[in-house]
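Notes follow once the structure below has been shown.
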Amino acid sequence: MNKKGIEALILVVLAAPALAQQSSPAPTTELSKMTVSDTAEEGYSRSDSSTATKTDTPLIETPASIQVVTQQMLQDQKALTFDQALVNVAGVRSSTIGWAENIYLRGFPTSTYFRDGFRIDDPSGLGGTATLSNVDSIEVLKGPASILYGRVEPGGVVNIITKQPSATPRFSVEQTAGSWGEYTTTLDTAGPLNDSKTLQFSLNASHHQNNLFIDNVWDKRDFIAPSLRWTPDAKTQVTLEGSYSHDRTILYQQSIVPYDTTSQQFLFGPRNANPTPYEFDPDTAFIGLSWSHEFADGWTVRQHISRNRVNFSTPVNWNTCCGPLFQDGNTWTVGLSTSHLTGWTRSDGTVLDLEGHFNTGPIKHTLLMGGDYYNLRALYDSQYSNSNGPYFNVPLYSSVVQSTAAIPIDPNSFYYTDTTTRSYGLYAQDQIKLPYSVEILGGLRYQHVATNGFSTNGTDFYGGSGNPTPSNPPADHAVTPRVGVLWLPKDFLSLYASYTENFGATNATSTDYQGKPLKPEGAKQYEVGTKAESSDGRLSASLAWYDLTKINVIAPDIAHPNGQGSFFPTTVGQIESKGVEMTLQGEILQGWDALVAYSYDRATIKVGTSTYPAGTRLPQVPEQMLRLYSTYKLSGALQGFKVGAGLSFEGSAPGLYVDPNTGASETNVITNPAYHTVDAMASYEHPIGRARVTAQINVRNALDASYRTDSFMYVAPWGYVTYGPPRSVLGSVKVEF
């Protein structure tokens, strides 16, 4: 068998687990065979990435699971949000609840993501959802990533790669319009500013507005992102970039669905009903300066300095947090209070790296030494009407919005907090190439994190004193290692094994029954896998097995009641996420791009307590997820046309149920049923003079599947679900020069 035949066989073998599931099969669809097109374009595969190592390393030589959502995927699917983009990544699901981005990676939720390697922290999710208007691609590193990125959840990190200045001119403008009044106008331009091309710029801007299928919910966003790059010589580069977005949003905060604890059933009503809109208006500003200089042959120093600030405010809104939910005859009624929120978060940071390439005899080294520092300050001022009432009672399943004037804000019902978190880390990593195509990656990081601040509860707000309460827990620190071994038996095939540790969330704000601060969360992961790619890099595949355990998870200490009706906390908990992930993405045949992303993830409590026993599945984490997406460019008389279709499947996932009698958290009572959605697209591209015009139509949830996710019940009968959007159509026209 020749080389190309071997490549094809390996790619098919790696694809087999997703194309033929052994158990609990997902719905499948057969893609039509079509004529191959000759037109070349950026495809669905990327050969290298810097997220996993902070060096420009081919993916096939990286002993870790990393997947790239390319620009072509984003364009074909017209993805505007994390939800729509990250569905393409095996082992990852994303859901937006209110203003918070909830990203689940290998079962663990996070709201932290990275922008070109710079940390974007939003501890309370008040910065709004991420903007993808200036995003070139999204790189997702799965598994613990503390060695390079500090304190993060162990499931992985999401790193958005933004569009950069270019020596090659580009210009495009696009207008989209679709269901529920969705309109988006985007501008993307870049090019040189002088004849020598030492000065380059880029500018991205967009205006977006949309009404949701839920009544009284809409959003508007204006966004602009300029950048300027100076390259005085071939070894030096300086880039200044910024972005600003202004949002005015009426949030969808999940739907309230009463839960009958006797029949253990949700009492559903119309899914579009919403009598309690919540307006939220964040402004987000980012500015960054980065530079790099090759000061000796093979040695480069680079630094990134950034600030990200979010200002947010709301008018006086209706609030469902404090009032009753009851049935009056045949009508479910909710008691509303009011609230008003203002505040800001500011994240300042810098990352400094030294990268060197050198040899010691026959051994090749890529050495990385670096450090980072972040200062995150968050200030929140939450004001409420009196938590003891009165309340304004309205029908739950209605969409008539009343004036908030009837329930004034109580000056003594408030919660104010001001916290500052400072962290710094030092790390070293060596990528070693040995004889016989063996490569070793080893790294070590020291991390230090300290938090201080205070909070104040008003005297009418749940028994507050009205006096500031300081919070200055002891600093956390840890040393985390990473090691990986990779073998390239063929230049298109690699096998690897790795072990990684993680430094997670602080528990120091809690103390045990002896008054001692609790240890911070940690994690460790074992992973083995294989990767393959075609000789031209346009088709790649990967298969990975992992065993990830999160330790020092807080749980109630049943042996030590706290005298207030509950228990002191302790860190005996362990959560295990174990599974398999497979991806196949790229050009199958000329003009035929495809993506297959499948994951099986069993995320359970490994060491628990009587209120969260061992073996309990993690809420909102489906065991199986599958994404299929394929596009085809037609040729001959139909040249210029592209058609595509996709299938997304999520297996059933446990919701969260809190027993009203025992307080035990259970995930075997409420279930998010399995569901699948089908998408479709078609486009036509045609040159007009110097311009290229593309008209495109996208249909999401084409079969109009009805489904829900993220179900839970904390205090009976308060139940919550997130409804999946019904069928929608989006049309667009794009002009490029």
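So you can find residues: chains in the structure tokens are A, B, ... in the order shown, residues in each start at 1, and ligands are numbered from 1 in order.
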Practice task
Please return as a PyMOL selection string: the residues of segment 57-155 of chain A that backbone DSSP assigns to strand (DSSP E).
Solution key: chain A and resi 57-58+65-69+92-97+100-105+108-110+113-115+118-120+135-142
Please dump the current selection as a CSV table (one decimal), in the first residue's frame; keep C-alpha atoms.
```
chain,number,residue,atom,x,y,z
A,57,THR,CA,4.0,23.5,17.3
A,58,PRO,CA,2.3,21.3,14.7
A,65,SER,CA,-6.0,17.2,22.9
A,66,ILE,CA,-6.5,20.5,21.0
A,67,GLN,CA,-9.1,21.3,18.4
A,68,VAL,CA,-9.4,24.4,16.2
A,69,VAL,CA,-12.7,25.9,15.0
A,92,VAL,CA,-17.4,20.7,24.9
A,93,ARG,CA,-20.8,22.2,25.3
A,94,SER,CA,-21.7,25.9,25.9
A,95,SER,CA,-24.9,27.5,27.1
A,96,THR,CA,-25.7,31.1,27.8
A,97,ILE,CA,-27.9,31.7,30.8
A,100,ALA,CA,-23.1,34.4,31.8
A,101,GLU,CA,-21.1,32.3,29.4
A,102,ASN,CA,-21.2,28.7,30.7
A,103,ILE,CA,-18.6,26.5,28.9
A,104,TYR,CA,-18.4,22.9,29.9
A,105,LEU,CA,-15.1,21.2,29.0
A,108,PHE,CA,-16.4,21.0,34.2
A,109,PRO,CA,-18.0,24.4,33.8
A,110,THR,CA,-16.0,27.7,33.4
A,113,TYR,CA,-11.7,32.3,28.4
A,114,PHE,CA,-8.6,33.7,26.7
A,115,ARG,CA,-8.1,36.3,24.0
A,118,PHE,CA,-4.6,36.9,27.6
A,119,ARG,CA,-6.9,35.9,30.4
A,120,ILE,CA,-10.5,37.3,30.4
A,135,VAL,CA,-12.4,36.4,15.8
A,136,ASP,CA,-10.3,34.5,13.2
A,137,SER,CA,-10.5,31.1,14.9
A,138,ILE,CA,-11.1,29.4,18.3
A,139,GLU,CA,-8.6,27.0,19.8
A,140,VAL,CA,-9.7,24.7,22.5
A,141,LEU,CA,-7.1,22.9,24.7
A,142,LYS,CA,-8.8,20.1,26.6
```
Tell me, which residues of segment 105-254 of chain A carry DSSP helix (DSSP H, G or I), written as a PDB file with N, CA and C atoms, in the first residue's frame?
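Here's the written file result-v5.pdb:
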```pdb
ATOM      1  N   SER A 146      -3.052  24.481  33.727  1.00  0.00           N
ATOM      2  CA  SER A 146      -2.481  25.412  34.702  1.00  0.00           C
ATOM      3  C   SER A 146      -1.042  25.781  34.403  1.00  0.00           C
ATOM      4  N   ILE A 147      -0.279  24.868  33.800  1.00  0.00           N
ATOM      5  CA  ILE A 147       1.148  25.134  33.632  1.00  0.00           C
ATOM      6  C   ILE A 147       1.406  26.400  32.827  1.00  0.00           C
ATOM      7  N   LEU A 148       0.559  26.698  31.865  1.00  0.00           N
ATOM      8  CA  LEU A 148       0.748  27.887  31.042  1.00  0.00           C
ATOM      9  C   LEU A 148      -0.230  29.004  31.371  1.00  0.00           C
ATOM     10  N   TYR A 149      -1.368  28.679  31.978  1.00  0.00           N
ATOM     11  CA  TYR A 149      -2.431  29.676  32.116  1.00  0.00           C
ATOM     12  C   TYR A 149      -2.875  29.925  33.557  1.00  0.00           C
ATOM     13  N   SER A 179     -34.688  35.467  11.308  1.00  0.00           N
ATOM     14  CA  SER A 179     -35.867  35.298  12.154  1.00  0.00           C
ATOM     15  C   SER A 179     -35.771  36.147  13.410  1.00  0.00           C
ATOM     16  N   TRP A 180     -36.944  36.524  13.921  1.00  0.00           N
ATOM     17  CA  TRP A 180     -37.082  37.321  15.147  1.00  0.00           C
ATOM     18  C   TRP A 180     -36.307  38.635  15.071  1.00  0.00           C
ATOM     19  N   GLY A 181     -36.321  39.241  13.891  1.00  0.00           N
ATOM     20  CA  GLY A 181     -35.726  40.553  13.745  1.00  0.00           C
ATOM     21  C   GLY A 181     -34.228  40.589  13.951  1.00  0.00           C
TER      22      GLY A 181
END
```
Problem - Nearby residues (only C-alpha atoms) at most 7 Å from Pro275 of chain A, same-chain spacing under 6 positions excluded, as a PyMOL selection string - result: chain A and resi 396+398-401
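Counting only C-alpha atoms, Thr671 of chain A has the following residues at most 8 Å away, ignoring those fewer than 5 positions along the same chain: Ser652, Ala653, Pro654, Gly655 and Ser711 of chain A.
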Exercise for the section: Considering only C-alpha atoms, return as a ChimeraX atom specification whatever protein or nucleic-acid residues lie within 9 Å of segment 525-535 of chain A, sequence-local ones (same chain, fewer than 2 positions apart) excluded. Expected result: /A:4,7-8,10-11,14,47,59-61,63-65,143-144,154,491-502,523,537-550
Problem - Which residue of A:Phe737, A:Trp230, A:Tyr380, A:Tyr684 approaches Leu199 of chain A most closely, using only C-alpha atoms - result: A:Trp230
